[in-house]
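Okay, model-v5.cif is below, mmCIF, C-alpha atoms:
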```
data_coords
loop_
_atom_site.group_PDB
_atom_site.id
_atom_site.type_symbol
_atom_site.label_atom_id
_atom_site.label_comp_id
_atom_site.auth_asym_id
_atom_site.auth_seq_id
_atom_site.Cartn_x
_atom_site.Cartn_y
_atom_site.Cartn_z
ATOM 1 C CA MET K 1 224.304 -29.582 34.468
ATOM 2 C CA LEU K 2 221.018 -30.317 32.691
ATOM 3 C CA THR K 3 221.144 -31.399 29.074
ATOM 4 C CA GLU K 4 218.969 -30.063 26.251
ATOM 5 C CA LYS K 5 217.191 -33.423 26.046
ATOM 6 C CA GLU K 6 216.406 -33.443 29.767
ATOM 7 C CA ILE K 7 215.116 -29.857 29.684
ATOM 8 C CA LYS K 8 212.757 -30.549 26.791
ATOM 9 C CA ALA K 9 211.507 -33.787 28.317
ATOM 10 C CA TYR K 10 210.670 -32.072 31.593
ATOM 11 C CA ALA K 11 208.938 -29.229 29.756
ATOM 12 C CA ARG K 12 206.619 -31.791 28.156
ATOM 13 C CA GLU K 13 206.123 -33.432 31.551
ATOM 14 C CA CYS K 14 204.989 -30.064 32.925
ATOM 15 C CA GLY K 15 202.399 -29.790 30.159
ATOM 16 C CA PHE K 16 204.094 -27.524 27.616
ATOM 17 C CA ILE K 17 203.363 -28.577 24.041
ATOM 18 C CA ASP K 18 206.810 -27.601 22.789
ATOM 19 C CA CYS K 19 210.198 -26.428 24.015
ATOM 20 C CA GLY K 20 213.095 -24.984 22.034
ATOM 21 C CA ILE K 21 216.433 -23.358 22.679
ATOM 22 C CA THR K 22 218.122 -20.340 21.134
ATOM 23 C CA THR K 23 221.090 -18.128 21.835
ATOM 24 C CA ALA K 24 221.004 -15.158 24.198
ATOM 25 C CA ASP K 25 221.919 -12.759 21.399
ATOM 26 C CA ASP K 26 220.161 -9.410 21.230
ATOM 27 C CA PHE K 27 217.122 -8.837 18.987
ATOM 28 C CA PRO K 28 218.016 -5.936 16.647
ATOM 29 C CA GLU K 29 215.067 -6.904 14.413
ATOM 30 C CA TYR K 30 212.745 -6.090 17.311
ATOM 31 C CA GLU K 31 214.243 -2.627 17.613
ATOM 32 C CA ARG K 32 213.830 -2.102 13.873
ATOM 33 C CA ALA K 33 210.183 -3.133 14.118
ATOM 34 C CA LEU K 34 209.595 -0.604 16.908
ATOM 35 C CA ASP K 35 211.383 2.105 14.870
ATOM 36 C CA ARG K 36 209.053 1.359 11.964
ATOM 37 C CA LEU K 37 205.870 1.498 14.056
ATOM 38 C CA ILE K 38 206.858 4.798 15.651
ATOM 39 C CA SER K 39 207.642 6.283 12.236
ATOM 40 C CA LEU K 40 204.251 5.141 10.920
ATOM 41 C CA PHE K 41 202.294 6.195 14.010
ATOM 42 C CA PRO K 42 204.192 8.986 15.829
ATOM 43 C CA GLY K 43 201.493 9.234 18.478
ATOM 44 C CA THR K 44 202.443 5.783 19.771
ATOM 45 C CA GLU K 45 206.051 6.650 20.674
ATOM 46 C CA ASN K 46 205.416 6.790 24.429
ATOM 47 C CA PHE K 47 203.797 3.373 24.255
ATOM 48 C CA TYR K 48 206.615 1.674 22.353
ATOM 49 C CA MET K 49 209.696 3.352 23.872
ATOM 50 C CA PRO K 50 209.734 1.205 27.063
ATOM 51 C CA MET K 51 209.787 -1.936 24.907
ATOM 52 C CA TYR K 52 213.247 -1.332 23.418
ATOM 53 C CA LYS K 53 214.961 -2.719 26.510
ATOM 54 C CA ARG K 54 213.515 -6.167 25.758
ATOM 55 C CA ALA K 55 215.746 -6.396 22.687
ATOM 56 C CA ARG K 56 218.983 -5.758 24.581
ATOM 57 C CA ILE K 57 219.574 -8.934 26.542
ATOM 58 C CA LYS K 58 223.315 -8.535 27.055
ATOM 59 C CA GLU K 59 222.876 -5.020 28.395
ATOM 60 C CA ARG K 60 220.323 -6.104 31.000
ATOM 61 C CA VAL K 61 221.544 -9.634 31.752
ATOM 62 C CA PRO K 62 225.343 -9.772 31.236
ATOM 63 C CA TRP K 63 225.544 -13.425 32.328
ATOM 64 C CA ALA K 64 222.970 -14.597 29.732
ATOM 65 C CA LYS K 65 224.169 -17.375 27.429
ATOM 66 C CA SER K 66 221.040 -19.169 26.178
ATOM 67 C CA VAL K 67 217.264 -18.792 26.042
ATOM 68 C CA ILE K 68 214.793 -21.618 26.659
ATOM 69 C CA VAL K 69 211.393 -21.114 25.042
ATOM 70 C CA CYS K 70 208.310 -23.093 26.109
ATOM 71 C CA MET K 71 204.893 -23.034 24.434
ATOM 72 C CA ARG K 72 201.728 -23.201 26.559
ATOM 73 C CA ASP K 73 198.465 -24.250 24.885
ATOM 74 C CA TYR K 74 195.445 -22.538 26.449
ATOM 75 C CA GLY K 75 193.093 -23.742 23.710
ATOM 76 C CA LYS K 76 192.608 -26.891 25.784
ATOM 77 C CA TYR K 77 190.243 -25.099 28.158
ATOM 78 C CA LYS K 78 186.453 -24.802 27.949
ATOM 79 C CA ILE K 79 184.837 -21.367 27.806
ATOM 80 C CA PRO K 80 181.535 -21.126 29.691
ATOM 81 C CA ALA K 81 178.945 -20.631 26.944
ATOM 82 C CA ASN K 82 177.447 -17.437 28.382
ATOM 83 C CA ILE K 83 180.748 -15.504 28.359
ATOM 84 C CA ILE K 84 182.016 -16.349 24.857
ATOM 85 C CA GLY K 85 182.973 -13.251 22.886
ATOM 86 C CA TYR K 86 183.173 -10.779 25.758
ATOM 87 C CA ILE K 87 186.654 -11.312 27.188
ATOM 88 C CA GLY K 88 189.736 -12.333 25.219
ATOM 89 C CA ARG K 89 190.540 -16.019 25.669
ATOM 90 C CA ASN K 90 194.144 -15.328 26.621
ATOM 91 C CA TYR K 91 192.936 -13.331 29.622
ATOM 92 C CA LEU K 92 190.343 -15.888 30.695
ATOM 93 C CA PHE K 93 193.032 -18.553 30.891
ATOM 94 C CA ASP K 94 195.912 -16.458 32.176
ATOM 95 C CA SER K 95 198.622 -18.611 33.752
ATOM 96 C CA ARG K 96 199.476 -15.805 36.180
ATOM 97 C CA VAL K 97 196.272 -16.657 38.053
ATOM 98 C CA SER K 98 196.894 -19.358 40.664
ATOM 99 C CA GLN K 99 193.609 -21.191 39.941
ATOM 100 C CA ASN K 100 194.911 -22.014 36.465
ATOM 101 C CA PRO K 101 196.801 -25.352 36.491
ATOM 102 C CA ASP K 102 199.491 -23.854 34.245
ATOM 103 C CA PHE K 103 200.454 -21.478 37.052
ATOM 104 C CA GLN K 104 201.963 -24.404 38.960
ATOM 105 C CA ALA K 105 203.405 -25.970 35.801
ATOM 106 C CA ILE K 106 205.404 -22.840 35.027
ATOM 107 C CA LYS K 107 206.506 -22.578 38.643
ATOM 108 C CA ASP K 108 207.617 -26.227 38.615
ATOM 109 C CA PHE K 109 209.608 -25.812 35.406
ATOM 110 C CA THR K 110 211.333 -22.696 36.743
ATOM 111 C CA GLY K 111 212.269 -24.566 39.899
ATOM 112 C CA TYR K 112 213.521 -27.528 37.875
ATOM 113 C CA LEU K 113 215.940 -25.330 35.943
ATOM 114 C CA ARG K 114 217.281 -23.737 39.118
ATOM 115 C CA ASP K 115 217.539 -27.033 40.974
ATOM 116 C CA GLY K 116 219.449 -28.354 37.967
ATOM 117 C CA GLY K 117 222.174 -25.781 38.500
ATOM 118 C CA LEU K 118 221.110 -23.113 36.010
ATOM 119 C CA LYS K 119 221.086 -19.420 36.693
ATOM 120 C CA VAL K 120 217.637 -18.336 35.471
ATOM 121 C CA ARG K 121 215.714 -15.181 34.684
ATOM 122 C CA LYS K 122 212.152 -15.634 33.461
ATOM 123 C CA GLY K 123 210.697 -13.410 30.733
ATOM 124 C CA GLY K 124 211.578 -9.884 29.701
ATOM 125 C CA LEU K 125 212.239 -10.748 26.037
ATOM 126 C CA PRO K 126 210.490 -10.248 22.692
ATOM 127 C CA ASP K 127 208.815 -13.587 23.425
ATOM 128 C CA ARG K 128 207.311 -14.181 19.985
ATOM 129 C CA LEU K 129 210.565 -13.535 18.168
ATOM 130 C CA ALA K 130 212.311 -15.795 20.679
ATOM 131 C CA ALA K 131 209.824 -18.562 19.850
ATOM 132 C CA ALA K 132 210.579 -18.206 16.137
ATOM 133 C CA ARG K 133 214.323 -18.127 16.748
ATOM 134 C CA ALA K 134 214.038 -21.275 18.892
ATOM 135 C CA GLY K 135 212.052 -23.044 16.170
ATOM 136 C CA VAL K 136 208.850 -23.596 18.194
ATOM 137 C CA GLY K 137 206.642 -20.928 16.611
ATOM 138 C CA ARG K 138 206.172 -18.738 13.559
ATOM 139 C CA ILE K 139 204.801 -15.208 13.526
ATOM 140 C CA GLY K 140 201.620 -14.551 11.560
ATOM 141 C CA LYS K 141 200.465 -11.401 9.804
ATOM 142 C CA ASN K 142 198.426 -10.463 12.877
ATOM 143 C CA ASN K 143 201.688 -10.476 14.912
ATOM 144 C CA PHE K 144 200.643 -13.509 16.975
ATOM 145 C CA VAL K 145 202.971 -16.465 17.235
ATOM 146 C CA TYR K 146 201.625 -19.744 15.830
ATOM 147 C CA SER K 147 202.293 -23.298 16.883
ATOM 148 C CA ALA K 148 201.649 -26.126 14.442
ATOM 149 C CA LYS K 149 199.851 -27.947 17.257
ATOM 150 C CA ALA K 150 197.650 -25.207 18.715
ATOM 151 C CA GLY K 151 197.512 -22.302 16.260
ATOM 152 C CA SER K 152 197.810 -18.905 17.911
ATOM 153 C CA TRP K 153 196.049 -20.055 21.096
ATOM 154 C CA VAL K 154 199.415 -20.267 22.831
ATOM 155 C CA ASN K 155 201.556 -18.338 25.264
ATOM 156 C CA THR K 156 205.310 -18.150 24.925
ATOM 157 C CA VAL K 157 207.192 -18.606 28.195
ATOM 158 C CA THR K 158 210.871 -17.648 28.028
ATOM 159 C CA TYR K 159 213.816 -18.287 30.321
ATOM 160 C CA ILE K 160 217.196 -16.581 30.070
ATOM 161 C CA VAL K 161 219.819 -18.978 31.442
ATOM 162 C CA GLY K 162 223.494 -18.708 32.228
ATOM 163 C CA ALA K 163 224.644 -21.852 30.418
ATOM 164 C CA GLU K 164 225.696 -22.564 26.860
ATOM 165 C CA LEU K 165 223.030 -24.841 25.362
ATOM 166 C CA VAL K 166 222.858 -26.130 21.804
ATOM 167 C CA PRO K 167 220.367 -23.913 19.908
ATOM 168 C CA ASP K 168 217.605 -25.296 17.698
ATOM 169 C CA GLU K 169 217.021 -24.341 14.092
ATOM 170 C CA PRO K 170 214.923 -21.152 13.773
ATOM 171 C CA ALA K 171 211.518 -21.010 12.053
ATOM 172 C CA MET K 172 211.408 -17.452 10.715
ATOM 173 C CA GLU K 173 209.157 -17.976 7.676
ATOM 174 C CA SER K 174 205.509 -16.869 7.835
ATOM 175 C CA PRO K 175 202.870 -19.528 8.558
ATOM 176 C CA CYS K 176 200.188 -17.575 6.674
ATOM 177 C CA PRO K 177 198.650 -18.723 3.373
ATOM 178 C CA GLU K 178 199.798 -16.589 0.462
ATOM 179 C CA GLY K 179 197.453 -13.666 -0.176
ATOM 180 C CA CYS K 180 195.393 -14.216 2.994
ATOM 181 C CA ASP K 181 194.242 -11.009 4.690
ATOM 182 C CA LEU K 182 191.288 -12.274 6.747
ATOM 183 C CA CYS K 183 192.825 -11.071 10.008
ATOM 184 C CA ILE K 184 193.252 -7.563 8.629
ATOM 185 C CA LYS K 185 189.652 -7.461 7.396
ATOM 186 C CA ALA K 186 188.402 -8.728 10.760
ATOM 187 C CA CYS K 187 190.099 -6.039 12.878
ATOM 188 C CA PRO K 188 187.192 -3.925 14.190
ATOM 189 C CA THR K 189 189.056 -0.607 14.449
ATOM 190 C CA GLY K 190 191.590 -0.989 11.641
ATOM 191 C CA ALA K 191 194.445 -1.225 14.145
ATOM 192 C CA LEU K 192 195.817 -4.141 12.112
ATOM 193 C CA SER K 193 196.245 -1.994 9.034
ATOM 194 C CA SER K 194 198.574 -4.232 7.006
ATOM 195 C CA PRO K 195 200.588 -7.438 7.562
ATOM 196 C CA TYR K 196 202.685 -7.293 10.754
ATOM 197 C CA THR K 197 201.560 -3.708 11.393
ATOM 198 C CA VAL K 198 199.432 -2.965 14.468
ATOM 199 C CA ARG K 199 198.693 0.536 15.690
ATOM 200 C CA MET K 200 198.395 -0.235 19.389
ATOM 201 C CA ASP K 201 196.477 2.865 20.398
ATOM 202 C CA TYR K 202 193.678 1.747 18.029
ATOM 203 C CA CYS K 203 193.723 -1.925 19.114
ATOM 204 C CA VAL K 204 190.516 -3.010 20.883
ATOM 205 C CA ALA K 205 192.480 -5.037 23.428
ATOM 206 C CA TYR K 206 194.597 -2.046 24.407
ATOM 207 C CA LEU K 207 191.609 0.292 24.452
ATOM 208 C CA THR K 208 189.797 -1.984 26.911
ATOM 209 C CA TYR K 209 192.586 -2.143 29.485
ATOM 210 C CA GLY K 210 195.148 0.609 28.924
ATOM 211 C CA GLY K 211 193.863 3.334 26.639
ATOM 212 C CA SER K 212 193.244 6.857 27.864
ATOM 213 C CA LEU K 213 189.706 7.546 29.039
ATOM 214 C CA PRO K 214 187.302 8.385 27.656
ATOM 215 C CA VAL K 215 187.886 6.251 24.553
ATOM 216 C CA PRO K 216 187.367 8.406 21.429
ATOM 217 C CA LYS K 217 183.818 7.976 20.135
ATOM 218 C CA GLU K 218 184.918 6.914 16.659
ATOM 219 C CA LEU K 219 186.845 3.996 18.201
ATOM 220 C CA SER K 220 184.376 3.161 20.956
ATOM 221 C CA ALA K 221 181.631 2.717 18.348
ATOM 222 C CA LYS K 222 183.678 -0.053 16.684
ATOM 223 C CA MET K 223 184.602 -2.064 19.782
ATOM 224 C CA GLY K 224 181.448 -4.163 19.700
ATOM 225 C CA ASN K 225 180.834 -6.623 22.538
ATOM 226 C CA TRP K 226 184.448 -6.832 23.723
ATOM 227 C CA ILE K 227 184.742 -5.902 27.397
ATOM 228 C CA TYR K 228 188.378 -6.843 27.927
ATOM 229 C CA GLY K 229 190.710 -7.935 25.155
ATOM 230 C CA CYS K 230 189.736 -8.967 21.622
ATOM 231 C CA ASP K 231 190.035 -12.198 19.613
ATOM 232 C CA ALA K 232 188.716 -10.940 16.263
ATOM 233 C CA CYS K 233 191.879 -11.419 14.202
ATOM 234 C CA GLN K 234 192.587 -14.827 15.718
ATOM 235 C CA GLU K 235 189.038 -16.075 15.274
ATOM 236 C CA ALA K 236 189.123 -15.089 11.597
ATOM 237 C CA CYS K 237 192.439 -16.859 10.953
ATOM 238 C CA PRO K 238 192.235 -20.098 8.904
ATOM 239 C CA LEU K 239 195.312 -21.402 10.723
ATOM 240 C CA ASN K 240 193.212 -21.592 13.901
ATOM 241 C CA ARG K 241 190.450 -23.787 12.487
ATOM 242 C CA GLY K 242 190.076 -26.864 14.633
ATOM 243 C CA LYS K 243 192.808 -25.762 17.053
ATOM 244 C CA TRP K 244 190.575 -24.848 20.010
ATOM 245 C CA LYS K 245 190.042 -28.210 21.734
ATOM 246 C CA GLU K 246 188.100 -27.358 24.928
ATOM 247 C CA GLN K 247 189.174 -30.483 26.796
ATOM 248 C CA PHE K 248 189.217 -29.143 30.356
ATOM 249 C CA ALA K 249 186.853 -26.970 32.392
ATOM 250 C CA LEU K 250 188.179 -24.593 35.034
ATOM 251 C CA PRO K 251 185.827 -24.527 38.056
ATOM 252 C CA HIS K 252 186.659 -20.965 39.061
ATOM 253 C CA LEU K 253 185.541 -19.661 35.656
ATOM 254 C CA GLY K 254 182.289 -21.581 35.844
ATOM 255 C CA GLU K 255 181.597 -20.071 39.246
ATOM 256 C CA LEU K 256 182.207 -16.534 37.943
ATOM 257 C CA SER K 257 180.505 -16.911 34.560
ATOM 258 C CA CYS K 258 177.301 -15.251 35.794
ATOM 259 C CA ILE K 259 179.352 -12.098 36.493
ATOM 260 C CA LEU K 260 181.654 -12.141 33.454
ATOM 261 C CA THR K 261 178.935 -10.868 31.120
ATOM 262 C CA PRO K 262 178.075 -7.341 29.968
ATOM 263 C CA LYS K 263 175.149 -7.169 32.392
ATOM 264 C CA GLY K 264 176.994 -8.760 35.311
ATOM 265 C CA LEU K 265 180.096 -6.594 35.002
ATOM 266 C CA SER K 266 178.133 -3.387 34.406
ATOM 267 C CA GLU K 267 176.194 -3.937 37.631
ATOM 268 C CA MET K 268 178.855 -5.404 39.942
ATOM 269 C CA ASP K 269 179.494 -3.637 43.225
ATOM 270 C CA GLU K 270 182.916 -2.855 44.644
ATOM 271 C CA LEU K 271 182.943 -5.854 46.986
ATOM 272 C CA THR K 272 182.270 -8.226 44.084
ATOM 273 C CA TYR K 273 184.942 -6.546 41.997
ATOM 274 C CA ARG K 274 187.625 -6.655 44.673
ATOM 275 C CA ASN K 275 186.901 -10.190 45.909
ATOM 276 C CA LYS K 276 185.967 -12.001 42.697
ATOM 277 C CA ILE K 277 186.889 -10.146 39.505
ATOM 278 C CA HIS K 278 190.130 -8.382 40.364
ATOM 279 C CA PRO K 279 191.817 -11.621 41.606
ATOM 280 C CA LEU K 280 191.186 -13.072 38.147
ATOM 281 C CA PHE K 281 192.884 -10.055 36.520
ATOM 282 C CA PRO K 282 195.345 -9.025 39.257
ATOM 283 C CA TYR K 283 197.692 -7.151 36.929
ATOM 284 C CA ILE K 284 195.023 -4.484 36.308
ATOM 285 C CA PRO K 285 195.053 -1.675 38.898
ATOM 286 C CA VAL K 286 192.414 -2.362 41.511
ATOM 287 C CA GLU K 287 191.246 1.239 41.074
ATOM 288 C CA ASP K 288 190.072 0.452 37.522
ATOM 289 C CA MET K 289 186.553 -0.693 38.386
ATOM 290 C CA LYS K 290 185.115 2.257 36.477
ATOM 291 C CA ARG K 291 186.869 1.062 33.307
ATOM 292 C CA TRP K 292 185.229 -2.346 33.746
ATOM 293 C CA HIS K 293 181.835 -0.682 34.234
ATOM 294 C CA ASP K 294 182.267 1.541 31.189
ATOM 295 C CA ASN K 295 183.446 -1.310 28.957
ATOM 296 C CA ALA K 296 180.617 -3.567 30.101
ATOM 297 C CA LYS K 297 177.946 -0.877 29.607
ATOM 298 C CA ARG K 298 179.190 -0.196 26.072
ATOM 299 C CA ALA K 299 179.170 -3.927 25.305
ATOM 300 C CA LEU K 300 175.698 -4.338 26.815
ATOM 301 C CA LYS K 301 174.371 -1.501 24.656
ATOM 302 C CA PHE K 302 175.880 -3.159 21.581
ATOM 303 C CA VAL K 303 174.405 -6.562 22.460
ATOM 304 C CA ASN K 304 170.949 -5.051 23.047
ATOM 305 C CA GLU K 305 171.067 -3.132 19.775
ATOM 306 C CA GLN K 306 172.147 -6.269 17.914
ATOM 307 C CA GLY K 307 169.232 -8.130 19.457
ATOM 308 C CA LYS K 308 166.769 -5.475 18.274
ATOM 309 C CA THR K 309 168.231 -5.584 14.771
ATOM 310 C CA LYS K 310 167.834 -9.381 14.606
ATOM 311 C CA ARG K 311 164.232 -9.179 15.756
#
```
As structure tokens, please, write out the structure in this file.
Amino acid sequence: MLTEKEIKAYARECGFIDCGITTADDFPEYERALDRLISLFPGTENFYMPMYKRARIKERVPWAKSVIVCMRDYGKYKIPANIIGYIGRNYLFDSRVSQNPDFQAIKDFTGYLRDGGLKVRKGGLPDRLAAARAGVGRIGKNNFVYSAKAGSWVNTVTYIVGAELVPDEPAMESPCPEGCDLCIKACPTGALSSPYTVRMDYCVAYLTYGGSLPVPKELSAKMGNWIYGCDACQEACPLNRGKWKEQFALPHLGELSCILTPKGLSEMDELTYRNKIHPLFPYIPVEDMKRWHDNAKRALKFVNEQGKTKR
């Protein structure tokens, strides 16, 4: 059976910047957080209800005994200059896309755990709370998890395993400077209305990929140049200063950078969408080309109007 030391060492070998271990106990605090959001914003109940199952590990995975939490730093990648500010960085460097080197790293780590005799189930948890409970991340006021090494430019990768492992000390305290509210002020639509409180149906990221169409005019007018996703609260955060390293370029992004702009995406034909853009965002229904067109046209209008104002 693999030891905690061996697991963490191999996680670093795969390229993760941190790895921690926690128990496979349920997350009642996650359920309480969902209860609170639904009470504050009753219109979001249908959105949040499916998330409750993530908190109930024992109910879904009776054999679960421990949780391994790995932190992936995507702030190491270079963003082609002409697409900065249009698509959220997390989505540009998604490890679910096979061209991203981290795709293979995650696959290798999963295989390592199984080859080492562990029964494994990847994901399906309140990942950010798991990171805090495993001591590898702390949750900021914008609800993103923060690593001391990479700020909030990280993904949490979780593994439920069927073996008793020694848990690490949790890190539940906030990483945020006292009195700081820059993320709240930066939120374009006011979705981040107070610390740890996000109204998802107002969030720019959600509106760009999952919101009902057409987007209400009062919200659409505030979405700015974001075509898919939004980094406003993370870019405003002082904890992220100096954390984006841009050490490695990804060739496939460079090749597509001429398309991943407001003009390029607003004009793309179906063949381009299906063969080039959809494979980069495969979790979005292939039928959603119109959403891409609409988002890109809105962003292009905003960019053009900004240009006129500056002139």
Selection near K:Asp201, 12 Å with only C-alpha atoms, sequence-local residues under 6 positions removed, as a PyMOL selection string: chain K and resi 37-38+41-48+189-192+207-213+215-216+219
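Atom to atom, atom CA of K:Asp35 and atom CA of K:Arg56 stand 14.6 Å apart.
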Contacts of K:Pro177 within 10 Å, all atoms listed in the file, excl. fewer than 2 positions in-chain, as an NGL selection string: :K and (140-141 or 174-175 or 179-181 or 237-239)
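On the file presented, the PyMOL selection byres ((chain K and resi 159) around 6) picks out Val67, Ile68, Arg121, Lys122, Gly123, Thr158 and Ile160 of chain K.
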Residues within 8 Å of K:Asn225, only C-alpha atoms, excluding chain neighbours under 5 positions, as an MDAnalysis selection string: chainID K and resid 85:86 262 298:300 302:303
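Excluding K:Val286 and any residue on its chain fewer than 4 positions from it, the residues at most 9 Å away by only C-alpha atoms are Tyr273, Arg274, His278 and Pro282 of chain K.
Across the model, the gap from atom CA of K:Ser257 to atom CA of K:Ala81 is 8.6 Å.
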Atom pair atom CA of K:Glu4 / atom CA of K:Leu165: separation (Å): 6.7 Å
Taking the file as shown, what set of residues would the PyMOL selection byres ((chain K and resi 147) around 12) give back, as a short mmCIF file (atom, residue, chain, number, x, y, z; two decimals) with C-alpha atoms, in the coordinates of the input?
```cif
data_model
loop_
_atom_site.label_atom_id
_atom_site.label_comp_id
_atom_site.auth_asym_id
_atom_site.auth_seq_id
_atom_site.Cartn_x
_atom_site.Cartn_y
_atom_site.Cartn_z
CA PHE K 16 204.09 -27.52 27.62
CA ILE K 17 203.36 -28.58 24.04
CA ASP K 18 206.81 -27.60 22.79
CA CYS K 19 210.20 -26.43 24.02
CA CYS K 70 208.31 -23.09 26.11
CA MET K 71 204.89 -23.03 24.43
CA ARG K 72 201.73 -23.20 26.56
CA ASP K 73 198.46 -24.25 24.88
CA TYR K 74 195.44 -22.54 26.45
CA GLY K 75 193.09 -23.74 23.71
CA ARG K 128 207.31 -14.18 19.98
CA ALA K 131 209.82 -18.56 19.85
CA ALA K 132 210.58 -18.21 16.14
CA GLY K 135 212.05 -23.04 16.17
CA VAL K 136 208.85 -23.60 18.19
CA GLY K 137 206.64 -20.93 16.61
CA ARG K 138 206.17 -18.74 13.56
CA ILE K 139 204.80 -15.21 13.53
CA GLY K 140 201.62 -14.55 11.56
CA PHE K 144 200.64 -13.51 16.98
CA VAL K 145 202.97 -16.46 17.24
CA TYR K 146 201.62 -19.74 15.83
CA ALA K 148 201.65 -26.13 14.44
CA LYS K 149 199.85 -27.95 17.26
CA ALA K 150 197.65 -25.21 18.72
CA GLY K 151 197.51 -22.30 16.26
CA SER K 152 197.81 -18.90 17.91
CA TRP K 153 196.05 -20.06 21.10
CA VAL K 154 199.42 -20.27 22.83
CA ASN K 155 201.56 -18.34 25.26
CA THR K 156 205.31 -18.15 24.92
CA ALA K 171 211.52 -21.01 12.05
CA SER K 174 205.51 -16.87 7.84
CA PRO K 175 202.87 -19.53 8.56
CA CYS K 176 200.19 -17.58 6.67
CA LEU K 239 195.31 -21.40 10.72
CA ASN K 240 193.21 -21.59 13.90
CA LYS K 243 192.81 -25.76 17.05
#
```
